[in-house]
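**Q** For reference, the file final-v2.pdb (PDB, C-alpha atoms, pLDDT in the B column) is included below:
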```
ATOM      1  CA  VAL A   1       5.257   8.493   9.694  1.00 63.00           C
ATOM      2  CA  GLY A   2       8.231   9.853   7.786  1.00 74.00           C
ATOM      3  CA  LEU A   3       9.704   6.379   7.358  1.00 75.00           C
ATOM      4  CA  ALA A   4       6.412   5.003   6.021  1.00 75.00           C
ATOM      5  CA  SER A   5       6.088   7.841   3.545  1.00 76.00           C
ATOM      6  CA  THR A   6       9.705   7.432   2.444  1.00 83.00           C
ATOM      7  CA  ILE A   7       9.405   3.666   1.920  1.00 86.00           C
ATOM      8  CA  THR A   8       6.245   4.126  -0.152  1.00 83.00           C
ATOM      9  CA  THR A   9       7.748   6.898  -2.279  1.00 83.00           C
ATOM     10  CA  VAL A  10      11.074   5.134  -2.888  1.00 87.00           C
ATOM     11  CA  ALA A  11       9.317   1.850  -3.725  1.00 87.00           C
ATOM     12  CA  ALA A  12       7.034   3.710  -6.155  1.00 84.00           C
ATOM     13  CA  GLY A  13      10.048   5.269  -7.851  1.00 85.00           C
ATOM     14  CA  LEU A  14      12.062   2.062  -8.068  1.00 88.00           C
ATOM     15  CA  VAL A  15       9.232  -0.100  -9.348  1.00 85.00           C
ATOM     16  CA  CYS A  16       8.621   2.234 -12.305  1.00 81.00           C
ATOM     17  CA  PHE A  17      11.592   0.710 -14.140  1.00 84.00           C
ATOM     18  CA  PRO A  18      10.413  -2.936 -14.086  1.00 83.00           C
ATOM     19  CA  LEU A  19       6.797  -1.863 -14.696  1.00 80.00           C
ATOM     20  CA  SER A  20       7.905   0.099 -17.752  1.00 80.00           C
ATOM     21  CA  ARG A  21       9.856  -2.901 -19.031  1.00 84.00           C
ATOM     22  CA  ALA A  22       6.836  -5.151 -18.393  1.00 82.00           C
ATOM     23  CA  ALA A  23       4.610  -2.768 -20.368  1.00 80.00           C
ATOM     24  CA  ARG A  24       7.014  -2.778 -23.326  1.00 85.00           C
ATOM     25  CA  ARG A  25       7.206  -6.569 -23.353  1.00 88.00           C
ATOM     26  CA  GLY A  26       3.672  -7.552 -22.360  1.00 83.00           C
ATOM     27  CA  GLY A  27       1.581  -4.535 -23.283  1.00 79.00           C
ATOM     28  CA  PRO A  28      -0.372  -2.274 -20.953  1.00 72.00           C
ATOM     29  CA  ARG A  29      -2.068  -5.164 -19.165  1.00 78.00           C
ATOM     30  CA  ALA A  30       1.194  -6.544 -17.748  1.00 81.00           C
ATOM     31  CA  PRO A  31       1.840  -3.781 -15.189  1.00 78.00           C
ATOM     32  CA  VAL A  32      -1.835  -3.702 -14.269  1.00 77.00           C
ATOM     33  CA  ALA A  33      -1.646  -7.437 -13.516  1.00 83.00           C
ATOM     34  CA  VAL A  34       1.386  -6.768 -11.289  1.00 82.00           C
ATOM     35  CA  ALA A  35      -0.472  -4.012  -9.431  1.00 78.00           C
ATOM     36  CA  VAL A  36      -3.601  -6.124  -8.984  1.00 82.00           C
ATOM     37  CA  ALA A  37      -1.471  -8.958  -7.607  1.00 86.00           C
ATOM     38  CA  SER A  38       0.286  -6.479  -5.331  1.00 83.00           C
ATOM     39  CA  TYR A  39      -3.053  -5.223  -4.009  1.00 82.00           C
ATOM     40  CA  GLY A  40      -4.071  -8.828  -3.379  1.00 87.00           C
ATOM     41  CA  VAL A  41      -0.875  -9.569  -1.465  1.00 86.00           C
ATOM     42  CA  LEU A  42      -1.260  -6.303   0.473  1.00 82.00           C
ATOM     43  CA  GLY A  43      -4.824  -7.217   1.469  1.00 82.00           C
ATOM     44  CA  VAL A  44      -3.858 -10.721   2.563  1.00 86.00           C
ATOM     45  CA  ALA A  45      -0.877  -9.367   4.498  1.00 82.00           C
ATOM     46  CA  LEU A  46      -3.050  -6.803   6.282  1.00 79.00           C
ATOM     47  CA  LEU A  47      -5.588  -9.475   7.199  1.00 82.00           C
ATOM     48  CA  ALA A  48      -2.882 -11.854   8.390  1.00 83.00           C
ATOM     49  CA  LEU A  49      -0.907  -9.285  10.377  1.00 78.00           C
ATOM     50  CA  GLY A  50      -3.877  -7.455  11.885  1.00 72.00           C
ATOM     51  CA  THR A  51      -3.425  -4.217  13.772  1.00 64.00           C
ATOM     52  CA  ARG A  52      -0.961  -5.381  16.394  1.00 69.00           C
ATOM     53  CA  ASP A  53       2.423  -3.732  16.783  1.00 72.00           C
ATOM     54  CA  LEU A  54       4.573  -4.677  13.827  1.00 73.00           C
ATOM     55  CA  GLY A  55       8.327  -4.718  13.465  1.00 80.00           C
ATOM     56  CA  ILE A  56      10.245  -2.963  10.719  1.00 80.00           C
ATOM     57  CA  GLY A  57      10.212  -6.007   8.394  1.00 83.00           C
ATOM     58  CA  PRO A  58       6.420  -6.362   8.055  1.00 82.00           C
ATOM     59  CA  LEU A  59       6.010  -2.582   7.881  1.00 81.00           C
ATOM     60  CA  PHE A  60       8.631  -2.384   5.139  1.00 85.00           C
ATOM     61  CA  LEU A  61       6.727  -5.061   3.180  1.00 84.00           C
ATOM     62  CA  LEU A  62       3.354  -3.331   3.610  1.00 84.00           C
ATOM     63  CA  PHE A  63       4.589   0.109   2.615  1.00 85.00           C
ATOM     64  CA  SER A  64       6.622  -1.291  -0.293  1.00 86.00           C
ATOM     65  CA  LEU A  65       3.497  -2.984  -1.658  1.00 85.00           C
ATOM     66  CA  GLN A  66       1.649   0.293  -1.260  1.00 83.00           C
ATOM     67  CA  GLY A  67       4.432   1.927  -3.290  1.00 85.00           C
ATOM     68  CA  VAL A  68       3.999  -0.594  -6.121  1.00 84.00           C
ATOM     69  CA  ASN A  69       0.303   0.200  -6.267  1.00 82.00           C
ATOM     70  CA  ARG A  70       0.921   3.914  -6.020  1.00 80.00           C
ATOM     71  CA  ALA A  71       3.413   3.813  -8.897  1.00 80.00           C
ATOM     72  CA  LEU A  72       0.942   2.274 -11.273  1.00 78.00           C
ATOM     73  CA  PHE A  73      -2.427   3.658 -10.321  1.00 75.00           C
ATOM     74  CA  GLU A  74      -1.446   7.245  -9.468  1.00 74.00           C
ATOM     75  CA  SER A  75       0.649   7.627 -12.600  1.00 70.00           C
ATOM     76  CA  SER A  76      -2.003   5.996 -14.771  1.00 70.00           C
ATOM     77  CA  THR A  77      -4.726   8.232 -13.397  1.00 70.00           C
ATOM     78  CA  LYS A  78      -2.687  11.353 -14.131  1.00 73.00           C
ATOM     79  CA  PHE A  79      -1.765  10.136 -17.611  1.00 70.00           C
ATOM     80  CA  ILE A  80      -5.388   9.332 -18.487  1.00 70.00           C
ATOM     81  CA  TYR A  81      -6.481  12.725 -17.205  1.00 74.00           C
ATOM     82  CA  VAL A  82      -3.842  14.562 -19.246  1.00 73.00           C
ATOM     83  CA  GLU A  83      -4.746  12.628 -22.390  1.00 73.00           C
ATOM     84  CA  THR A  84      -8.490  13.142 -21.922  1.00 76.00           C
ATOM     85  CA  PHE A  85      -8.347  16.872 -21.205  1.00 79.00           C
ATOM     86  CA  ARG A  86      -5.304  17.800 -23.296  1.00 80.00           C
ATOM     87  CA  ASP A  87      -6.951  20.770 -25.053  1.00 85.00           C
ATOM     88  CA  HIS A  88      -9.149  21.959 -22.189  1.00 84.00           C
ATOM     89  CA  PRO A  89      -8.237  25.470 -20.995  1.00 85.00           C
ATOM     90  CA  HIS A  90      -8.220  24.433 -17.320  1.00 83.00           C
ATOM     91  CA  ALA A  91      -6.349  21.135 -17.747  1.00 81.00           C
ATOM     92  CA  ALA A  92      -3.254  22.313 -15.854  1.00 82.00           C
ATOM     93  CA  ALA A  93      -5.312  23.514 -12.888  1.00 83.00           C
ATOM     94  CA  ALA A  94      -7.271  20.276 -12.827  1.00 78.00           C
ATOM     95  CA  LEU A  95      -4.079  18.190 -12.874  1.00 79.00           C
ATOM     96  CA  ALA A  96      -2.691  20.336 -10.059  1.00 83.00           C
ATOM     97  CA  SER A  97      -5.826  19.563  -8.060  1.00 80.00           C
ATOM     98  CA  ILE A  98      -5.121  15.830  -8.442  1.00 78.00           C
ATOM     99  CA  TYR A  99      -1.666  16.384  -6.905  1.00 79.00           C
ATOM    100  CA  PHE A 100      -3.111  18.610  -4.185  1.00 84.00           C
ATOM    101  CA  TYR A 101      -5.869  16.209  -3.108  1.00 77.00           C
ATOM    102  CA  SER A 102      -3.551  13.213  -3.297  1.00 74.00           C
ATOM    103  CA  GLY A 103      -1.126  14.966  -0.957  1.00 76.00           C
ATOM    104  CA  LEU A 104      -3.954  16.168   1.263  1.00 79.00           C
ATOM    105  CA  SER A 105      -5.363  12.663   1.652  1.00 73.00           C
ATOM    106  CA  SER A 106      -1.952  11.229   2.550  1.00 71.00           C
ATOM    107  CA  THR A 107      -1.275  14.009   5.033  1.00 76.00           C
ATOM    108  CA  THR A 108      -4.694  13.565   6.636  1.00 78.00           C
ATOM    109  CA  THR A 109      -4.215   9.809   6.922  1.00 70.00           C
ATOM    110  CA  TYR A 110      -0.785  10.129   8.530  1.00 70.00           C
ATOM    111  CA  ALA A 111      -2.037  12.824  10.910  1.00 73.00           C
ATOM    112  CA  MET A 112      -4.974  10.636  11.956  1.00 71.00           C
ATOM    113  CA  LEU A 113      -2.687   7.648  12.479  1.00 67.00           C
ATOM    114  CA  GLU A 114      -0.374   9.763  14.622  1.00 66.00           C
ATOM    115  CA  ARG A 115      -3.297  11.121  16.650  1.00 65.00           C
ATOM    116  CA  GLY A 116      -4.712   7.619  17.109  1.00 60.00           C
ATOM    117  CA  GLU A 117      -1.337   6.352  18.305  1.00 57.00           C
ATOM    118  CA  ASP A 118      -1.056   9.252  20.745  1.00 53.00           C
ATOM    119  CA  THR A 119      -4.584   8.596  22.058  1.00 53.00           C
ATOM    120  CA  SER A 120      -3.930   4.879  22.518  1.00 53.00           C
ATOM    121  CA  ARG A 121      -0.711   5.644  24.434  1.00 55.00           C
ATOM    122  CA  ARG A 122      -2.579   7.952  26.817  1.00 58.00           C
ATOM    123  CA  ALA A 123      -5.317   5.351  27.305  1.00 56.00           C
ATOM    124  CA  GLY A 124      -2.717   2.678  28.053  1.00 57.00           C
ATOM    125  CA  ALA A 125      -0.999   4.897  30.595  1.00 55.00           C
ATOM    126  CA  ALA A 126      -4.224   5.533  32.491  1.00 55.00           C
TER     127      ALA A 126
END
```
With the file now loaded, output its structure as structure tokens.
**A**
Amino acid sequence: VGLASTITTVAAGLVCFPLSRAARRGGPRAPVAVAVASYGVLGVALLALGTRDLGIGPLFLLFSLQGVNRALFESSTKFIYVETFRDHPHAAAALASIYFYSGLSSTTTYAMLERGEDTSRRAGAA
């Protein structure tokens, strides 16, 4: 779980540089096109690989693609929110709630994956 979270976060951080360069050269649609393509590749990879046990290589690819998408869509959502509610008195609290619920959803997902893995191990041992 920690490795998956780390790969996603590092990939999101590293991809910000080329996405920023793409936005300066090609306008705001260029990074969105990259993210849409990344989501497409991620979907195809998930369909092709299925839910069987995967090695570190395929997992690294999947979580790196998730990081690309996270870099663009999470940052864009926060930026749009800040711009839209710039003068609202509760804008800071609302932005904090975006961070909170984003972290909560990731934590819940990882916890459920861990619990599911633990349950499947016990079922296999029976």
**Q** Carefully work through the PyMOL selection byres ((chain A and resi 32) around 10) for this structure and note down the residues it includes, as an MDAnalysis selection string.
**A** chainID A and resid 19 22:23 27:31 33:38 69 72:73 76
**Q** Around region 74-84 of chain A, with edges along x, y and z and 3 Å added on all six sides, what centre and edge lengths do you get, in Å to one decimal, as lines of an AutoDock Vina configuration file?
**A**
```
center_x = -3.9
center_y = 10.3
center_z = -15.9
size_x = 15.1
size_y = 14.6
size_z = 18.9
```
**Q** Please indicate the distance in Å from CA of Pro89 (chain A) to CA of Ser106 (chain A), rounded to one decimal place.
**A**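 These two atoms are separated by 28.2 Å.
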**Q** Between CA of Val15 (chain A) and CA of Gly67 (chain A), what is the distance, to one decimal in Å?
**A**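 Taking CA of Val15 (chain A) as the start and CA of Gly67 (chain A) as the end point, the length is 8.0 Å.
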**Q** Return the single residue from A:Ala91, A:Leu49, A:Leu42, A:Ile80 that is closest to Phe63 (chain A), with distances computed using all atoms listed in the file.
**A** A:Leu42
**Q** Expressed in Å to a single decimal, how great is the separation between CA of Gly26 (chain A) and CA of Ala45 (chain A)?
**A**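 Straight-line distance from CA of Gly26 (chain A) to CA of Ala45 (chain A) works out to 27.3 Å.
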**Q** Identify, on the basis of all atoms listed in the file, every residue whose closest approach to Ala48 (chain A) does not exceed 12 Å; exclude the query and any residue fewer than 6 positions from it along the same chain; express the result as a PyMOL selection string.
**A** chain A and resi 41-42+54+58+62
**Q** Grab the residues selected above and save them as a PDB file, in the coordinates of the input with C-alpha atoms.
**A**
```
ATOM      1  CA  VAL A  41      -0.875  -9.569  -1.465  1.00 86.00           C
ATOM      2  CA  LEU A  42      -1.260  -6.303   0.473  1.00 82.00           C
ATOM      3  CA  LEU A  54       4.573  -4.677  13.827  1.00 73.00           C
ATOM      4  CA  PRO A  58       6.420  -6.362   8.055  1.00 82.00           C
ATOM      5  CA  LEU A  62       3.354  -3.331   3.610  1.00 84.00           C
TER       6      LEU A  62
END
```
**Q** Which residues are close to region 5-11 of chain A, i.e. within 8 Å by only C-alpha atoms, leaving aside same-chain residues fewer than 5 positions away? Reply as a short mmCIF file (atom, residue, chain, number, x, y, z; two decimals) with C-alpha atoms, keeping the file's coordinate frame.
**A**
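The resulting file, out.cif, is reproduced below:
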```
data_model
loop_
_atom_site.label_atom_id
_atom_site.label_comp_id
_atom_site.auth_asym_id
_atom_site.auth_seq_id
_atom_site.Cartn_x
_atom_site.Cartn_y
_atom_site.Cartn_z
CA PHE A 60 8.63 -2.38 5.14
CA PHE A 63 4.59 0.11 2.62
CA SER A 64 6.62 -1.29 -0.29
CA LEU A 65 3.50 -2.98 -1.66
CA GLN A 66 1.65 0.29 -1.26
CA GLY A 67 4.43 1.93 -3.29
CA VAL A 68 4.00 -0.59 -6.12
CA ARG A 70 0.92 3.91 -6.02
#
```
